[in-house]
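Take a look at the structure below.
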Amino acid sequence: MRKLLASAGISVLGLSLTCVGQARADERFKGPDEDGTKPALAKIAGEGMMNSHAFEYLTELSDNVGARVTGTPEAQKAIDWGIAKMRGIGLENVRAEKWQLWRGWRRGTADAELITPIRHKLHVDAMGWTGSTAAGGVEGEIVPVNVLDLDHEMKEVAGLKGKIALVVAKGNPRRGGDTFARFGDFLRSAAKAGVLLVIGGQGGGKASGMNLTHTGILGFDADFAIPVVSMTAEDQSQLERYVNAGITPRARFNIQNTFTNGPVESANVVGEIRGRENPEQVLVVGAHLDSWDLSEGSTDNGTGSASVLGAADAIMRSGMTPRRTIRFVLFTGEEQGLDGSFAYVKQHQSELPNHLGDLVLDEGQGPVSEFQMGGRDDLVASFQPFSKSLANIREIKVNEKVESGTDTLPFSMAGLPGINMNQDSPDYKYTHHSAADALEAVKPDVLTQNATLMALAAFWIADRPDRFAVPWSRERTARMLREQGQYGFLKAFNLWPYGDLGSGEKSKEE
């Protein structure tokens with residue numbers, strides 16, 4: 001617009017264009033009461049709150065499908081289930097969009113016993129995509145390794161040959177994803193040095209307590225030959241007390257897991273409500289269908305998958321059709337490195353200029369507490385009137401934060417709003433990737449409300465008169481990611497495919 005005003009040289013034209021621009025700007029800040037969407041939203045809210053099937057979907061997924069690690073037959077069963085549910089709801093263009101996982105993995109047995117200074121069973125589970133001990137198990141001394149000084153530990157790793165490494169944290173934590181990435185480097189060094197086994201969860205972290213272990217991946221698309229286990233906080237703390245007292249514990253471990261010889265196939269489950277006016281413009285509404293395998297995967301992320309299906313069902317039952325297309329996606333491979341959502345962005349690269357963003361729920365079992373706009377600070381003011389319209393349901397804040405730990409990140413990296421529906425889930429620290437991740441941890445009324453809020457947000461974004469968002473340029477996106485403190489994380493895992501994140505101000509991590 002600036003070029004047009006400069007070349008015209010006509011003040012009247014400049015004034016008129018300024019007025020038009022102001023009118024359009026004002027249009028962006030209208031809520032459902034002013035933009036004409038409220039009648040449809042009221043019908044959707046009624047269906048969502050009074051006729052919800054979200055908990056029914058979650059019960060089926062938890063009890064009839066169960067754990068669903070990407071690349072396993074159980075995961076394929078979940079994909080088939082998701083396709084059947086979308087078709088039953090009445091979505092259009094339901095399909096499985098296939099992609100390949102670099103390597104498959106299946107959990108085997110995990111047994112451990114403390115030998116000295118006292119004898120008792122240790123509670124452990126293998127971390128995902130990690131290796132096995134010798135067939136009969138291994139026995140060795142337990143020695144500490146400081147996860148906050150891994151550069152030093154890797155220099156001295158030869159001294160750990162034939163020993164069991166107990167990961168402890170001494171000193172000041174490093175920011176961003178650097179510690180997590182360096183932990184992977186340490187595991188590779190430890191395997192080459194002949195370390196028998198490593199005790200330490202994701203990034204070397206200790207479990208949350210309640211005698212629970214927490215499994216998970218140890219890198220993006222990464223596997224490790226060395227066996228790595230999560231140990232309950234109660235057992236690990238005891239080992240740490242021995243070490244701090246100058247006692248060297250000795251223990252026996254037998255860990256058996258299986259890798260595939262090559263890539264395995266997976267798929268995202270996709271279905272649509274086609275837009276009535278601009279069907280080529282697409283809002284993705286998603287959650288990840290895959291889970292870990294210590295329990296049913298109900299809170300991570302069965303709640304999200306059930307919310308996606310519940311949201312689609314509420315909109316369909318309302319009889320309302322949005323101006324633009326809502327594409328519901330159940331991603332797989334999230335737990336291995338957001339693989340399904342990265343595959344989606346790659347497969348739909350040519351369509352991304354017509355995407356409005358994606359809306360994801362993946363923060364456990366609690367009620368929605370805020371909408372995070374995925375770095376798009378230009379959209380916060382636009383979204384707030386809608387958020388305020390939800391006050392009779394609950395107060396939900398809006399901010400510009402990027403959530404990099406779920407399927408919003410690939411969309412944020414593409415310059416689109418990766419909108420995370422953050423949740424207030426204090427018990428998630430116990431159910432996350434643990435044996436407590438079961439249906440009993442979920443309250444039906446909270447799930448019903450979350451699914452309804454997802455339906456309302458999706459429909460409002462897709463139906464409002466003005467288009468909600470267009471993608472930012474690569475340069476502007478890079479600046480945003482740097483300003484949002486994502487530089488270290490993306491750099492550590494080589495997730496940003498375009499070289500440097502830009503020459504703007506340094507990130508919070510640098």
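Here's how to read the names in the structure tokens: chain A, B, ... by the order shown, residue numbers from 1 in each chain, ligand numbers from 1 in the order shown.
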Counting only C-alpha atoms, which residues in stretch 122-141 of chain A sit no more than 12 Å from stretch 332-342 of chain A? For each one, give the nearest pair of atoms and the distance in Å, sorted by chain then residue number, as CSV.
residue,atom,partner,partner_atom,distance
A:Met127,CA,A:Gln336,CA,11.6
A:Gly128,CA,A:Gln336,CA,8.6
A:Trp129,CA,A:Gln336,CA,8.8
I need the residues from that last selection saved to file as a PDB file, in the first residue's frame (with N, CA and C atoms), if you can.
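Result file out-v6.pdb:
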ATOM      1  N   MET A 127      13.704 -46.590  27.906  1.00  0.00           N
ATOM      2  CA  MET A 127      13.364 -45.423  27.108  1.00  0.00           C
ATOM      3  C   MET A 127      13.151 -45.869  25.662  1.00  0.00           C
ATOM      4  N   GLY A 128      12.338 -45.129  24.930  1.00  0.00           N
ATOM      5  CA  GLY A 128      12.005 -45.514  23.568  1.00  0.00           C
ATOM      6  C   GLY A 128      13.191 -45.465  22.624  1.00  0.00           C
ATOM      7  N   TRP A 129      13.219 -46.381  21.696  1.00  0.00           N
ATOM      8  CA  TRP A 129      14.236 -46.439  20.649  1.00  0.00           C
ATOM      9  C   TRP A 129      15.640 -46.542  21.245  1.00  0.00           C
TER      10      TRP A 129
END
(request) Using DSSP on the backbone coordinates, identify all residues within stretch 51-128 of chain A classified as alpha helix (DSSP H); present the result as a list of chain:residue names. (result)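 Everything in stretch 51-128 of chain A that counts as alpha helix (DSSP H) is A:Ala54, A:Phe55, A:Glu56, A:Tyr57, A:Leu58, A:Thr59, A:Glu60, A:Pro73, A:Glu74, A:Ala75, A:Gln76, A:Lys77, A:Ala78, A:Ile79, A:Asp80, A:Trp81, A:Gly82, A:Ile83, A:Ala84, A:Lys85, A:Met86, A:Arg87, A:Gly88, A:Ile89.
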Based on the selection just made, write C-alpha atoms of those residues as a PDB file, in the first residue's frame.
ATOM      1  CA  ALA A  54     -15.798 -37.176  23.154  1.00  0.00           C
ATOM      2  CA  PHE A  55     -15.512 -39.381  26.237  1.00  0.00           C
ATOM      3  CA  GLU A  56     -17.084 -42.258  24.317  1.00  0.00           C
ATOM      4  CA  TYR A  57     -14.350 -41.865  21.672  1.00  0.00           C
ATOM      5  CA  LEU A  58     -11.665 -41.766  24.357  1.00  0.00           C
ATOM      6  CA  THR A  59     -13.030 -44.873  26.054  1.00  0.00           C
ATOM      7  CA  GLU A  60     -12.955 -46.797  22.767  1.00  0.00           C
ATOM      8  CA  PRO A  73       0.455 -53.159  14.465  1.00  0.00           C
ATOM      9  CA  GLU A  74      -1.312 -51.461  17.382  1.00  0.00           C
ATOM     10  CA  ALA A  75      -0.669 -48.076  15.794  1.00  0.00           C
ATOM     11  CA  GLN A  76      -2.160 -49.318  12.515  1.00  0.00           C
ATOM     12  CA  LYS A  77      -5.217 -50.458  14.465  1.00  0.00           C
ATOM     13  CA  ALA A  78      -5.529 -46.898  15.808  1.00  0.00           C
ATOM     14  CA  ILE A  79      -5.259 -45.479  12.280  1.00  0.00           C
ATOM     15  CA  ASP A  80      -8.022 -47.796  11.068  1.00  0.00           C
ATOM     16  CA  TRP A  81     -10.107 -46.800  14.096  1.00  0.00           C
ATOM     17  CA  GLY A  82      -9.604 -43.093  13.369  1.00  0.00           C
ATOM     18  CA  ILE A  83     -10.665 -43.529   9.742  1.00  0.00           C
ATOM     19  CA  ALA A  84     -13.828 -45.384  10.796  1.00  0.00           C
ATOM     20  CA  LYS A  85     -14.697 -42.692  13.350  1.00  0.00           C
ATOM     21  CA  MET A  86     -14.238 -39.835  10.887  1.00  0.00           C
ATOM     22  CA  ARG A  87     -16.420 -41.584   8.339  1.00  0.00           C
ATOM     23  CA  GLY A  88     -19.048 -42.291  10.983  1.00  0.00           C
ATOM     24  CA  ILE A  89     -19.108 -38.609  11.927  1.00  0.00           C
TER      25      ILE A  89
END
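Closest approach to A:Arg68 from the set A:Trp292, A:Phe180, A:Trp102, A:Phe371 is made by A:Trp292, with distances taken over only C-alpha atoms.
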(request) Excluding A:Gly136 and any residue of its chain fewer than 6 positions from it, enumerate the residues within 10 Å of it, using only C-alpha atoms, and give them as a ChimeraX atom specification. (result) /A:253-256
Atoms kept (N, CA and C atoms) for selection, written as a PDB file, in the first residue's frame:
ATOM      1  N   PHE A 253      20.973 -55.673  35.575  1.00  0.00           N
ATOM      2  CA  PHE A 253      19.903 -55.250  34.666  1.00  0.00           C
ATOM      3  C   PHE A 253      19.782 -56.234  33.520  1.00  0.00           C
ATOM      4  N   ASN A 254      18.556 -56.491  33.112  1.00  0.00           N
ATOM      5  CA  ASN A 254      18.292 -57.274  31.899  1.00  0.00           C
ATOM      6  C   ASN A 254      17.219 -56.538  31.108  1.00  0.00           C
ATOM      7  N   ILE A 255      17.623 -55.877  30.036  1.00  0.00           N
ATOM      8  CA  ILE A 255      16.736 -55.056  29.210  1.00  0.00           C
ATOM      9  C   ILE A 255      16.740 -55.623  27.796  1.00  0.00           C
ATOM     10  N   GLN A 256      15.574 -55.937  27.270  1.00  0.00           N
ATOM     11  CA  GLN A 256      15.473 -56.520  25.934  1.00  0.00           C
ATOM     12  C   GLN A 256      14.439 -55.763  25.099  1.00  0.00           C
TER      13      GLN A 256
END
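Here the question is which of A:Ala190, A:Ala96, A:Val285, A:Ala126 gets nearest to A:Glu153 using only C-alpha atoms, and that residue is A:Ala190.
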Using only C-alpha atoms, what does the table of stretch 300-340 of chain A residues within 8 Å of stretch 459-465 of chain A look like, with each row giving the shortest atom pair and its distance in Å to one decimal, sorted by chain and ascending number, as CSV?
residue,atom,partner,partner_atom,distance
A:Ile315,CA,A:Phe459,CA,7.7
A:Pro322,CA,A:Asp463,CA,4.6
A:Arg323,CA,A:Asp463,CA,4.7
A:Arg324,CA,A:Ala462,CA,5.0
A:Thr325,CA,A:Ala462,CA,6.7
A:Ile326,CA,A:Ala462,CA,6.7
(request) Quick one: everything within 10 Å of stretch 103-111 of chain A, counting only C-alpha atoms, minus sequence neighbours fewer than 6 positions away in the same chain. Send it as a PyMOL selection string. (result) chain A and resi 69-72+121-133+137+221-223+229+252-265+293-294
(request) Name the residues of stretch 167-285 of chain A that come out as strand (DSSP E) in a backbone DSSP run; write them as a VMD selection string. (result) chain A and resid 167 to 168 197 to 199 228 to 231 250 to 255 258 to 259 264 to 273 278 to 285
(request) Might you pull out every residue within 8 Å of A:Met210, with only C-alpha atoms counted and same-chain residues fewer than 2 positions away left off, and present them as a VMD selection string? (result) chain A and resid 208 212 232 to 234 430
(request) Return the single residue from A:Val243, A:Ala251, A:Ala67, A:Leu490 that is closest to A:Ala478, with distances computed using only C-alpha atoms. (result)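 The answer is A:Leu490, which sits nearest to A:Ala478.
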